[in-house]
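The structure appears right after this line, and notes come after that.
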Amino acid sequence: MNCVALAGGVGGAKFADGLARAIGAESLTVIVNTGDDFELYGLHISPDLDTVMYTLAGIANPDTGWGIAGDTWRNFEMLERYGVAPWFRLGDCDLATHLLRSEMLADGQPLSAVTRELCRRLGVAPRVTPMSDDRVRTVVETEVGLLPFQEYFVKHHWQPAVQAILFEGSEEAEPAPGMLRALETADTIVICPSNPYLSIDPILSLRGVRDVLLNATAPIIAVTPIIAGEAVKGPAAKLMRELGKEPSAVEVARHYADFVNGFVLDERDVALADQIKAMGIGVFVADTLMKSVDDRAHLACDVVSFADRLRPEKLGGCRLNRADGSSR
């Protein structure tokens with residue numbers, strides 16, 4: 001089994017961890033959104049890369065899904081003492097990641113190589129790669145003007161109404177080395193339950209990515225980030241309403257309809273299955289809420305088995321034995 005996952009955010013990181021557990025870490029490549037990257041206090045911050053890396057390393061904060069478990073915030077307490085009012089807080093342990101990354105980038109190493117080295121030092125076995133070594137930045141056009149993504153998301157708590165989303169630099173940026181080849185040679189491609197517009201679209205905006213997906217021979221499966229009209233986490237449903245779209249799994253499936261073969265629908269939305277099937281997309285119904293590590297692995301195993309049923313030759317890629325022996 002050779003599986004490639006497109007991911008961003010907490011949901012994407014959790015599902016990537018489930019895939020690593022279900023098929024074996026050595027069989028997984030995770031392509032991560034870097035449109036959220038930004039610079040703060042002279043440091044290069046890669047929020048989605050870090051969330052995926054920390055989750056796969058088993059050190060992510062279990063309460064927030066991002067950051068490091070047990071981290072402290074003394075550095076920002078000191079900044080406040082200097083009269084700075086930080087709107088984006090970095091934990092003390094988390095700060096070490098940004099210091100090392102920024103130093104390596106300043107020494108001329110590309111982001112993909114830096115990410116690979118940071119993952120090695122944390123014992124992360126799956127291949128984790130940024131979507132590009134080039135600068136791509138998500139900018140949100142809102143009722144209060146253009147906002148860099150992190151200002152929209154963190155500083156303004158994603159409250160300003162969104163009118164459009166831009167990916168600055170994506171037309172000139174190249175996909176990370178080996179990324180297109182990984183997609184071309186994958187046995188299974190999974191779109192993780194990440195925000196389609198803020199986490200996955202930046203990846204799809206890069207030259208060549210959509211063409212590779214349109215011509216892929218491997219089954220491409222998308223996992224819904226929307227359950228019963230709401231996002232599990234984050235602004236996806238609110239964003240969809242503001243962009244004039246119905247916040248539903250059907251709309252997410254339509255967003256990916258050009259290239260996906262299968263769609264994983266939450267069991268609470270089973271009534272929507274026929275609408276998705278009418279697009280020519282296979283549907284698998286599951287409990288997609290990942291409340292525990294076991295939930296992640298079981299969902300990932302079901303998704304890989306679903307993908308296996310959509311290909312002419314079965315690979316039997318899931319190594320996990322379902323405790324309940326069930327299938328849907």
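Identifiers for the structure tokens are assigned positionally: chains receive A, B, ... in sequence, residues are indexed from 1 per chain, and ligands are indexed from 1 in the order shown.
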Identify, with DSSP run on backbone atoms, the residues in stretch 106-195 of chain A assigned to helix (DSSP H, G or I), and express the list as a list in words.
-> Ala106, Leu111, Ser112, Ala113, Val114, Thr115, Arg116, Glu117, Leu118, Cys119, Arg120, Arg121, Leu122, Phe149, Gln150, Glu151, Tyr152, Phe153, Val154, Lys155, Met179, Leu180, Arg181, Ala182, Leu183, Glu184 and Thr185 of chain A
Which residues come within 10 Å of A:Asp36, counting only C-alpha atoms, excluding same-chain residues fewer than 2 positions away, as a PDB file with C-alpha atoms, in the first residue's frame?
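Below is the file around_36.pdb, written as the result:
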```pdb
ATOM      1  CA  GLY A   8      -4.451  20.695   6.906  1.00  0.00           C
ATOM      2  CA  GLY A   9      -5.698  21.566  10.364  1.00  0.00           C
ATOM      3  CA  ASN A  33      -1.112  23.017   3.369  1.00  0.00           C
ATOM      4  CA  THR A  34       1.330  25.892   3.877  1.00  0.00           C
ATOM      5  CA  PHE A  38       3.432  33.442   8.252  1.00  0.00           C
ATOM      6  CA  ILE A  45       5.574  29.717  11.587  1.00  0.00           C
ATOM      7  CA  SER A  46       3.990  26.725   9.807  1.00  0.00           C
ATOM      8  CA  PRO A  47       0.819  25.973  11.802  1.00  0.00           C
ATOM      9  CA  ASP A  48      -0.566  23.118   9.686  1.00  0.00           C
ATOM     10  CA  LEU A  49       2.798  21.422   9.258  1.00  0.00           C
ATOM     11  CA  VAL A 136       2.158  30.877  -0.943  1.00  0.00           C
ATOM     12  CA  ARG A 137      -0.067  32.856   1.395  1.00  0.00           C
ATOM     13  CA  THR A 138      -3.804  32.558   1.931  1.00  0.00           C
ATOM     14  CA  VAL A 139      -5.462  35.975   2.049  1.00  0.00           C
ATOM     15  CA  PRO A 148      -3.749  37.591   5.988  1.00  0.00           C
ATOM     16  CA  PHE A 149      -5.098  34.206   6.994  1.00  0.00           C
ATOM     17  CA  GLN A 150      -3.771  34.113  10.566  1.00  0.00           C
ATOM     18  CA  PHE A 153      -8.403  33.164  11.851  1.00  0.00           C
ATOM     19  CA  PHE A 167      -3.777  32.289  -2.648  1.00  0.00           C
ATOM     20  CA  LEU A 198      -8.755  27.029   3.529  1.00  0.00           C
ATOM     21  CA  SER A 199      -6.754  23.804   3.861  1.00  0.00           C
ATOM     22  CA  PRO A 202      -4.291  26.005  -1.447  1.00  0.00           C
TER      23      PRO A 202
END
```
Those in stretch 159-316 of chain A with strand (DSSP E or B) from DSSP, as a count of residues only | 30
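The shortest atom-to-atom distance to A:Gly123, with only C-alpha atoms taken into account, belongs to A:Leu56 out of A:Cys3, A:Ala22, A:Leu56, A:Leu28.
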Counting only C-alpha atoms, the option among A:Val52, A:Ala253, A:Ala237, A:Ala106 closest to A:Val223 = A:Ala253
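Residues in contact with A:Ala25 at 10 Å, where only C-alpha atoms are counted and same-chain residues fewer than 3 positions away are skipped, are listed as Cys3, Ala16, Asp17, Gly18, Leu19, Ala20, Arg21, Ala22, Leu28, Thr29, Leu56, Val124, Ala125, Pro126 and Arg127 of chain A.
Nearest-residue note for A:Glu39: choosing from A:Arg116, A:Arg81, A:Arg135, A:Arg121, the minimum distance belongs to A:Arg135, counting only C-alpha atoms.
Of the residues listed (A:Leu90, A:Val30, A:Leu166, A:Leu213), A:Val30 shows the shortest atom-to-atom separation from A:Phe15; distances use only C-alpha atoms.
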Nearest to A:Phe284: which of A:Arg74, A:Lys238, A:Arg120, A:Arg309 is it, counting only C-alpha atoms?
-> A:Arg309
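Atom CA of A:Ile23 to atom CA of A:Arg319 spans 5.3 Å [interatomic distance, one decimal].
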